[in-house]
Each structure stands twice: as structure tokens, then as C-alpha cells.
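This is structure-v4.cif. It holds mmCIF, C-alpha atoms.
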data_final
loop_
_atom_site.label_atom_id
_atom_site.label_comp_id
_atom_site.auth_asym_id
_atom_site.auth_seq_id
_atom_site.Cartn_x
_atom_site.Cartn_y
_atom_site.Cartn_z
CA MET A 1 137.70 71.95 121.10
CA LYS A 2 136.83 71.08 117.53
CA SER A 3 135.74 74.12 115.53
CA LEU A 4 132.37 74.17 113.77
CA ASP A 5 132.55 73.82 110.00
CA ILE A 6 129.83 76.25 108.92
CA THR A 7 130.24 75.24 105.27
CA ASN A 8 128.41 72.00 106.08
CA ILE A 9 125.40 73.62 107.77
CA ASN A 10 122.23 72.81 105.86
CA TRP A 11 120.73 76.30 105.76
CA ASP A 12 118.17 75.21 103.19
CA GLN A 13 116.80 72.47 105.45
CA MET A 14 116.59 74.80 108.45
CA TRP A 15 114.77 77.40 106.35
CA ARG A 16 112.32 74.79 105.08
CA GLN A 17 111.54 73.55 108.60
CA ILE A 18 110.66 77.06 109.73
CA LYS A 19 108.60 77.81 106.62
CA ILE A 20 106.59 74.58 106.84
CA ASN A 21 105.72 75.19 110.51
CA PRO A 22 105.63 78.99 110.88
CA VAL A 23 103.17 79.04 113.77
CA PRO A 24 102.12 76.27 116.19
CA ASN A 25 98.59 75.65 114.93
CA ASP A 26 96.90 72.59 113.54
CA LEU A 27 94.92 74.52 110.93
CA PRO A 28 95.68 73.91 107.26
CA ALA A 29 97.80 76.80 106.02
CA ILE A 30 96.08 79.25 103.68
CA SER A 31 97.73 79.32 100.28
CA ASP A 32 100.06 82.18 99.37
CA GLU A 33 97.78 83.08 96.48
CA GLU A 34 94.76 83.42 98.77
CA ARG A 35 96.76 85.41 101.33
CA TYR A 36 98.08 87.91 98.80
CA ASP A 37 94.78 88.15 96.96
CA HIS A 38 93.22 89.30 100.23
CA MET A 39 96.05 91.76 100.89
CA ALA A 40 96.06 93.29 97.38
CA PRO A 41 93.72 96.29 97.95
CA LEU A 42 95.45 97.13 101.25
CA PHE A 43 98.89 96.57 99.74
CA LYS A 44 98.37 99.38 97.23
CA GLU A 45 97.35 101.66 100.10
CA TRP A 46 100.40 100.63 102.16
CA MET A 47 102.74 101.60 99.32
CA ARG A 48 101.61 105.22 99.67
CA TYR A 49 103.41 105.41 103.02
CA ASP A 50 106.38 103.13 102.36
CA ASP A 51 109.79 104.56 101.46
CA TYR A 52 111.25 101.10 100.80
CA PRO A 53 110.51 101.13 97.02
CA SER A 54 112.40 104.39 96.48
CA LYS A 55 115.38 103.17 98.50
CA MET A 56 115.43 99.88 96.59
CA LEU A 57 115.15 101.60 93.21
CA GLU A 58 118.08 103.92 94.00
CA ARG A 59 120.35 100.89 94.31
CA ILE A 60 119.30 98.90 91.25
CA GLN A 61 121.63 99.41 88.29
CA VAL A 62 119.90 99.32 84.92
CA LYS A 63 120.47 100.61 81.39
CA GLN A 64 117.96 101.68 78.77
CA GLU A 65 118.61 98.69 76.51
CA TRP A 66 118.32 96.07 79.30
CA SER A 67 115.54 93.66 80.22
CA VAL A 68 114.38 93.16 83.82
CA LEU A 69 112.54 90.31 85.55
CA ASP A 70 110.59 91.28 88.70
CA ILE A 71 109.73 88.17 90.75
CA GLY A 72 106.83 88.71 93.15
CA CYS A 73 105.98 92.08 91.65
CA GLY A 74 102.85 92.74 93.72
CA THR A 75 101.03 95.85 92.53
CA GLY A 76 104.10 97.15 90.68
CA ALA A 77 105.92 99.40 93.18
CA ILE A 78 109.25 98.34 91.64
CA ALA A 79 108.16 97.18 88.18
CA ILE A 80 106.41 100.37 87.04
CA PRO A 81 109.25 102.84 87.82
CA THR A 82 111.78 100.37 86.40
CA ALA A 83 109.84 100.12 83.14
CA MET A 84 110.44 103.84 82.64
CA LYS A 85 114.21 103.22 82.55
CA VAL A 86 114.69 99.98 80.56
CA LYS A 87 113.74 98.24 77.33
CA SER A 88 111.36 95.73 78.91
CA VAL A 89 110.10 94.40 82.25
CA THR A 90 108.53 91.01 82.91
CA ALA A 91 106.59 91.11 86.18
CA ILE A 92 105.41 87.83 87.71
CA ASP A 93 103.27 87.16 90.77
CA ILE A 94 101.13 84.38 92.21
CA SER A 95 98.28 86.74 93.09
CA THR A 96 95.68 87.42 90.41
CA HIS A 97 94.33 90.34 92.46
CA MET A 98 97.76 91.98 92.72
CA LEU A 99 98.22 91.57 88.97
CA LYS A 100 94.77 93.02 88.27
CA ILE A 101 95.74 96.21 90.09
CA LEU A 102 99.05 96.28 88.21
CA LYS A 103 97.34 95.79 84.84
CA ASN A 104 94.95 98.66 85.57
CA ASP A 105 97.90 100.96 86.31
CA ILE A 106 99.70 99.80 83.16
CA GLU A 107 96.67 100.73 81.07
CA LYS A 108 96.11 104.01 82.92
CA ASN A 109 99.72 105.08 82.41
CA HIS A 110 99.97 103.72 78.84
CA ILE A 111 102.99 101.55 79.63
CA VAL A 112 103.82 99.29 76.68
CA ASN A 113 107.04 97.58 77.82
CA LEU A 114 105.78 95.98 81.06
CA LYS A 115 104.30 92.48 80.80
CA PRO A 116 102.59 91.02 83.89
CA LYS A 117 102.35 87.23 84.13
CA HIS A 118 100.49 85.02 86.61
CA LEU A 119 103.25 82.57 87.50
CA ASN A 120 104.58 80.79 90.59
CA TRP A 121 108.37 80.99 90.81
CA ASP A 122 108.43 77.60 92.55
CA ASN A 123 107.18 75.97 89.35
CA ILE A 124 109.09 77.98 86.76
CA ARG A 125 111.71 76.39 84.51
CA VAL A 126 114.32 78.94 83.49
CA GLY A 127 114.85 78.84 79.74
CA ILE A 128 111.42 77.30 79.15
CA ASP A 129 108.80 79.25 81.11
CA ILE A 130 110.98 82.34 81.56
CA HIS A 131 113.94 83.34 79.42
CA PRO A 132 117.01 84.96 81.04
CA HIS A 133 116.92 88.73 81.63
CA ASP A 134 119.74 91.22 82.13
CA VAL A 135 118.61 91.99 85.67
CA VAL A 136 116.54 89.92 88.10
CA ILE A 137 114.82 91.56 91.06
CA MET A 138 113.22 89.61 93.90
CA SER A 139 111.88 92.38 96.10
CA ARG A 140 110.51 91.27 99.49
CA SER A 141 109.27 87.99 98.00
CA ILE A 142 112.08 85.52 98.82
CA GLY A 143 110.48 84.95 102.22
CA ARG A 144 107.58 82.98 100.80
CA MET A 145 109.79 80.42 99.03
CA ILE A 146 109.82 76.97 100.61
CA ASN A 147 112.83 75.59 98.72
CA LEU A 148 115.25 78.47 99.19
CA ARG A 149 118.34 76.98 97.57
CA GLU A 150 116.44 75.88 94.47
CA SER A 151 114.87 79.34 94.19
CA LEU A 152 118.26 81.05 94.44
CA ILE A 153 119.79 78.75 91.83
CA LYS A 154 117.00 79.64 89.41
CA VAL A 155 117.32 83.36 90.18
CA ASP A 156 121.04 83.22 89.36
CA GLN A 157 120.32 81.28 86.15
CA ALA A 158 117.70 83.83 85.09
CA ALA A 159 120.08 86.82 85.30
CA SER A 160 122.81 87.65 82.80
CA ARG A 161 124.12 90.81 84.52
CA TYR A 162 122.80 91.58 88.03
CA VAL A 163 120.64 90.06 90.76
CA TYR A 164 118.93 92.08 93.51
CA ILE A 165 117.15 90.32 96.38
CA SER A 166 115.70 91.95 99.48
CA ALA A 167 115.04 89.81 102.55
CA TRP A 168 113.85 90.40 106.09
CA SER A 169 116.67 91.75 108.28
CA GLY A 170 115.75 89.78 111.40
CA LYS A 171 114.21 92.56 113.49
CA GLU A 172 110.89 90.95 114.29
CA ARG A 173 107.56 92.76 114.06
CA GLN A 174 106.47 92.93 117.67
CA ILE A 175 102.73 92.95 117.04
CA ASN A 176 102.91 89.49 115.41
CA ARG A 177 104.73 88.11 118.44
CA GLY A 178 102.39 89.96 120.80
CA ILE A 179 99.29 88.34 119.34
CA MET A 180 100.73 84.84 119.74
CA GLU A 181 101.88 85.58 123.29
CA ALA A 182 98.40 86.88 124.13
CA LEU A 183 97.06 83.54 122.90
CA GLY A 184 99.59 81.61 125.00
CA LYS A 185 101.33 80.33 121.87
CA GLU A 186 104.98 80.17 120.90
CA TYR A 187 105.97 82.41 118.02
CA HIS A 188 108.68 81.50 115.52
CA ASP A 189 110.75 84.36 114.12
CA ILE A 190 110.65 84.86 110.36
CA PRO A 191 113.83 83.40 108.79
CA ASP A 192 116.07 86.31 107.85
CA TYR A 193 118.62 87.34 105.24
CA LEU A 194 121.42 85.27 106.79
CA TYR A 195 119.88 82.10 105.36
CA VAL A 196 119.96 83.65 101.90
CA PHE A 197 123.50 84.94 102.31
CA ASN A 198 124.90 81.65 103.60
CA ILE A 199 123.26 79.54 100.91
CA LEU A 200 124.66 81.87 98.25
CA ALA A 201 128.11 81.55 99.84
CA GLN A 202 127.81 77.76 99.68
CA MET A 203 126.89 78.15 96.00
CA GLY A 204 130.15 80.03 95.42
CA ILE A 205 128.50 83.46 95.16
CA ASN A 206 129.93 86.32 97.23
CA PRO A 207 127.10 88.89 97.37
CA SER A 208 127.16 92.42 98.68
CA VAL A 209 124.77 93.24 101.54
CA GLU A 210 123.23 96.54 102.57
CA HIS A 211 120.60 97.06 105.26
CA LEU A 212 117.83 99.46 104.26
CA LYS A 213 116.29 101.22 107.25
CA CYS A 214 112.81 102.12 106.10
CA SER A 215 109.73 103.94 107.25
CA SER A 216 106.32 102.51 106.48
CA LYS A 217 102.74 102.62 107.66
CA VAL A 218 100.70 99.44 107.55
CA VAL A 219 97.11 100.58 107.92
CA TYR A 220 93.64 99.00 108.05
CA PRO A 221 90.24 100.63 107.42
CA ASN A 222 88.71 98.95 110.48
CA ILE A 223 89.32 96.31 113.16
CA THR A 224 87.53 93.62 111.14
CA GLU A 225 89.94 94.03 108.22
CA ALA A 226 92.93 94.08 110.57
CA LEU A 227 91.75 90.92 112.31
CA HIS A 228 91.19 89.13 109.00
CA THR A 229 94.69 90.05 107.85
CA PHE A 230 96.34 88.67 110.98
CA GLN A 231 94.09 85.60 110.93
CA ASN A 232 95.51 84.71 107.51
CA LEU A 233 99.06 85.69 108.42
CA LEU A 234 99.22 83.76 111.70
CA HIS A 235 96.78 80.93 110.80
CA LEU A 236 94.46 81.77 113.71
CA ASP A 237 91.51 79.46 114.30
CA PRO A 238 88.01 80.83 115.12
CA THR A 239 88.42 80.22 118.85
CA GLN A 240 91.41 82.58 118.94
CA LEU A 241 89.84 85.55 117.18
CA ASP A 242 88.26 87.21 120.21
CA ALA A 243 91.55 87.36 122.12
CA ALA A 244 93.40 88.51 119.00
CA LYS A 245 90.80 91.24 118.44
CA VAL A 246 91.25 92.54 121.98
CA PHE A 247 95.02 92.66 121.50
CA LEU A 248 94.70 94.53 118.20
CA GLU A 249 92.20 97.01 119.66
CA GLU A 250 94.69 97.75 122.45
CA ASN A 251 97.78 98.00 120.25
CA LEU A 252 96.80 99.39 116.85
CA VAL A 253 96.87 103.19 116.71
CA LYS A 254 93.74 105.01 115.54
CA ARG A 255 94.55 107.83 113.12
CA ASP A 256 92.67 111.09 112.56
CA ASP A 257 91.07 109.65 109.42
CA GLY A 258 89.70 106.67 111.37
CA TRP A 259 92.09 104.09 109.92
CA LEU A 260 94.08 101.83 112.26
CA GLU A 261 97.87 101.86 112.01
CA ASN A 262 100.35 99.14 112.94
CA PRO A 263 102.92 100.73 115.30
CA ASP A 264 105.74 98.59 113.84
CA ASN A 265 106.66 101.27 111.30
CA LYS A 266 110.48 101.06 111.10
CA PRO A 267 111.23 97.86 109.18
CA VAL A 268 114.75 96.99 108.07
CA TRP A 269 115.20 95.11 104.80
CA SER A 270 118.50 93.54 103.75
CA LEU A 271 119.47 94.07 100.13
CA ILE A 272 121.58 91.21 98.80
CA TRP A 273 122.99 91.71 95.33
CA TRP A 274 125.70 90.45 93.01
CA LYS A 275 127.08 91.00 89.54
CA LYS A 276 127.33 87.99 87.27
CA GLU A 277 130.94 87.11 86.49
CA ASP A 278 130.45 86.98 82.75
CA SER A 279 128.71 90.37 82.48
#

What does the file become when written as C-alpha cells?
Amino acid sequence: MKSLDITNINWDQMWRQIKINPVPNDLPAISDEERYDHMAPLFKEWMRYDDYPSKMLERIQVKQEWSVLDIGCGTGAIAIPTAMKVKSVTAIDISTHMLKILKNDIEKNHIVNLKPKHLNWDNIRVGIDIHPHDVVIMSRSIGRMINLRESLIKVDQAASRYVYISAWSGKERQINRGIMEALGKEYHDIPDYLYVFNILAQMGINPSVEHLKCSSKVVYPNITEALHTFQNLLHLDPTQLDAAKVFLEENLVKRDDGWLENPDNKPVWSLIWWKKEDS
């Protein structure tokens, strides 16, 4: 039997096919900017219960005189603590609402070496729109990229010393799948870190990988907010909302403070990192 030559597998194409058709619906996909703008207020609340940022920060090597680029910075869970340790941080995100929260915290904490920028990594030209930094961090944001190989090439070009990327480990969130099954729809798993790892290998990069077992609490103030979040995430049409609401009411856990909690609270994130050869 002829052996399979995995070096010729087009991981980028397979990733793109999954990302373009994440759920079997005919609705036009909501833009990433709209999705994350809606999530921004909740995202800041979620970070209160998430130990992922501290685990990620423990593993990022920086020095006081270095510069850091945080791609997909969100509300600053990684960027703000990093700014306390380095010369400068450039934090970019596609969400104006996420950046508004970050800017408020920058002003409140009198941080002078952290610059937020409203930019889309897909459109950035390294050396023109963004200059190279000592360290590049792409924390839990690689999953939204459509052209994975191109994104990874630019990430490598933008770093002069180290690159740190965290990607989904592959252990699927069961509540997402449960909603689609309740609707009688097929659910496609989120593409995981193996796509990132294999594309990097094809690029001649041999990254280290560590799986971060985390504890988090994704919470919602009420069922309406929870339903809206999953409507955007899974591209649900109006005719599917009643069934989705019933599923969420049966599966979200009501806390003592009245908020609803997603029971999928043990996510695993895969940290993929490498040191640049010339550093």
C-alpha cells in the first residue's frame, strides 16, 4: 500500500472550506466586527472568571526593552499586563467596542506605552501598516482568520524574536453542538490547532506546543442575551430561535446571582510558539 505523503496535504484549503461554511444555514454570515462588538461588554465580564490569561502570560517570554504586538487584543486581558513588563505594546482588534473598553482601562490605569489600533489583520501589510515587533502574540484570535497560511506568514514576518499563538485544542463545546442537533442540523467542529501546526511545519517552522487546561465561566445576564449571542455565533434564522431558546433554558445553569452560566467551563487551548532563528 502506498503511504500518504502528508507534506502535500493542503491544510490551508481545508481550513478555509470549514471557515467559509461553519454551519449549514443559508443566512448571510454576520461580520466578525459585528459579532465581537456585541460580545464586548460580556467579554469583559467573562475575563473575571477565566484563568486562561494568567496561564498564557506565564509562558510568554519578554524583556523590559522589548516591543510586543497583540493581534486580536479584545479588551486587553493580555495586552495590559504585558505593557507592565515591556517597553511598548501595540494592540490591534477589529472590534471598535472591544477597543473602547480597552482605551477606558488604559486611561483609568494611566498606561502610556500601550497603543490600541482598529485594524483587521487580514488587510495588514507588515512593514507598511505594522512594523515588526520583538514578540507577536495572537491569543485566541487565529480561529477567525479565513486565509490561515497567509496570516501565519505575516505573523512570522512581524516578529523578530518570538511568536505565541493560542488555538482551539479540538475538544468541542457541547452546547454549540447541542443547539444544532436540537434544530435537526449538522454541526461542523471548529478547526483546531493541528491545522496551524501542520501549516507551520510546511513553512519550515518547527514550533513547540503546550495544551493549556483552563477553567472559565461564560455567563449571560438573561436568556435573551444568551439567545442573541448564540444566534450570532451559529447564524440562526428567526424560525430557529424558539427551539434554541428552549434548549438554552434547559441547559444553561442559573446561578445564585440570577445570571446564566454555560456548563462548558473546562476549555483546552493549545499554545503554539517558536523562537525566530536570527534572535

Just so the selection is clear, what residues does the PyMOL selection byres ((chain A and resi 231) around 12) cover here, as a PyMOL selection string?
chain A and resi 23+25+27+29-30+35+38-39+176+179-180+223-230+232-245+248

Using the chain letters and numbers from this file, what does the PyMOL selection byres ((chain A and resi 168) around 9) select? Give the answer as a PyMOL selection string.
chain A and resi 140+142-143+166-167+169-172+190-193+267-271

The selected residues should be written to file as a short mmCIF file (atom, residue, chain, number, x, y, z; two decimals), in the frame of the given file (atoms: C-alpha atoms).
data_model
loop_
_atom_site.label_atom_id
_atom_site.label_comp_id
_atom_site.auth_asym_id
_atom_site.auth_seq_id
_atom_site.Cartn_x
_atom_site.Cartn_y
_atom_site.Cartn_z
CA ARG A 140 110.51 91.27 99.49
CA ILE A 142 112.08 85.52 98.82
CA GLY A 143 110.48 84.95 102.22
CA SER A 166 115.70 91.95 99.48
CA ALA A 167 115.04 89.81 102.55
CA SER A 169 116.67 91.75 108.28
CA GLY A 170 115.75 89.78 111.40
CA LYS A 171 114.21 92.56 113.49
CA GLU A 172 110.89 90.95 114.29
CA ILE A 190 110.65 84.86 110.36
CA PRO A 191 113.83 83.40 108.79
CA ASP A 192 116.07 86.31 107.85
CA TYR A 193 118.62 87.34 105.24
CA PRO A 267 111.23 97.86 109.18
CA VAL A 268 114.75 96.99 108.07
CA TRP A 269 115.20 95.11 104.80
CA SER A 270 118.50 93.54 103.75
CA LEU A 271 119.47 94.07 100.13
#

Taking into account all atoms listed in the file, which residue in the set A:Lys85, A:Arg125, A:Arg59, A:Arg177 is nearest to Ile111 (chain A)?
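So, comparing all the options, the nearest one is A:Lys85.
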
Residue neighbourhood Phe197 (chain A), 8 Å, all atoms listed in the file, exclusion window fewer than 3 positions, as a VMD selection string
chain A and resid 193 to 194 200 to 201 207 272

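For the choices A:Ala159, A:Met47, A:Leu42, A:Met98, the atom-to-atom distance to Val68 (chain A) is smallest for A:Ala159 when using all atoms listed in the file.
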
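Distances from A:Ala158, A:Ile94, A:Val86, A:Leu102 to Asn120 (chain A) were compared using all atoms listed in the file, and the smallest one belongs to A:Ile94.
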
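With all atoms listed in the file as the basis for measurement, A:Ile71 is the residue among A:Val253, A:Val219, A:Ile175, A:Ile71 that approaches Arg144 (chain A) most closely.
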
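Proximity to Leu99 (chain A) at 7 Å, evaluated using only C-alpha atoms and with sequence-adjacent residues fewer than 6 positions away removed, yields Gly74, Thr75, Asp93 and Pro116 of chain A.
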
Write out the residues from the selection above, keeping C-alpha atoms, as an mmCIF file, in the coordinates of the input.
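selection-v3.cif, written as the output of this step:
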data_model
loop_
_atom_site.group_PDB
_atom_site.id
_atom_site.type_symbol
_atom_site.label_atom_id
_atom_site.label_comp_id
_atom_site.auth_asym_id
_atom_site.auth_seq_id
_atom_site.Cartn_x
_atom_site.Cartn_y
_atom_site.Cartn_z
ATOM 1 C CA GLY A 74 102.850 92.740 93.720
ATOM 2 C CA THR A 75 101.030 95.850 92.530
ATOM 3 C CA ASP A 93 103.270 87.160 90.770
ATOM 4 C CA PRO A 116 102.590 91.020 83.890
#

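Proximity of A:His188, A:Lys217, A:Lys103, A:Lys276 to Lys19 (chain A), computed with all atoms listed in the file, is greatest for A:His188.
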
Picked residues, the PyMOL selection byres ((chain A and resi 256-262) around 6), as JSON, numbers by chain
{"A": [218, 219, 220, 221, 252, 253, 254, 255, 263, 264]}

Quick check, in Å to one decimal: how far apart do CA of Ile106 (chain A) and CA of Ala40 (chain A) lie?
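Between these atoms lies a distance of 16.1 Å.
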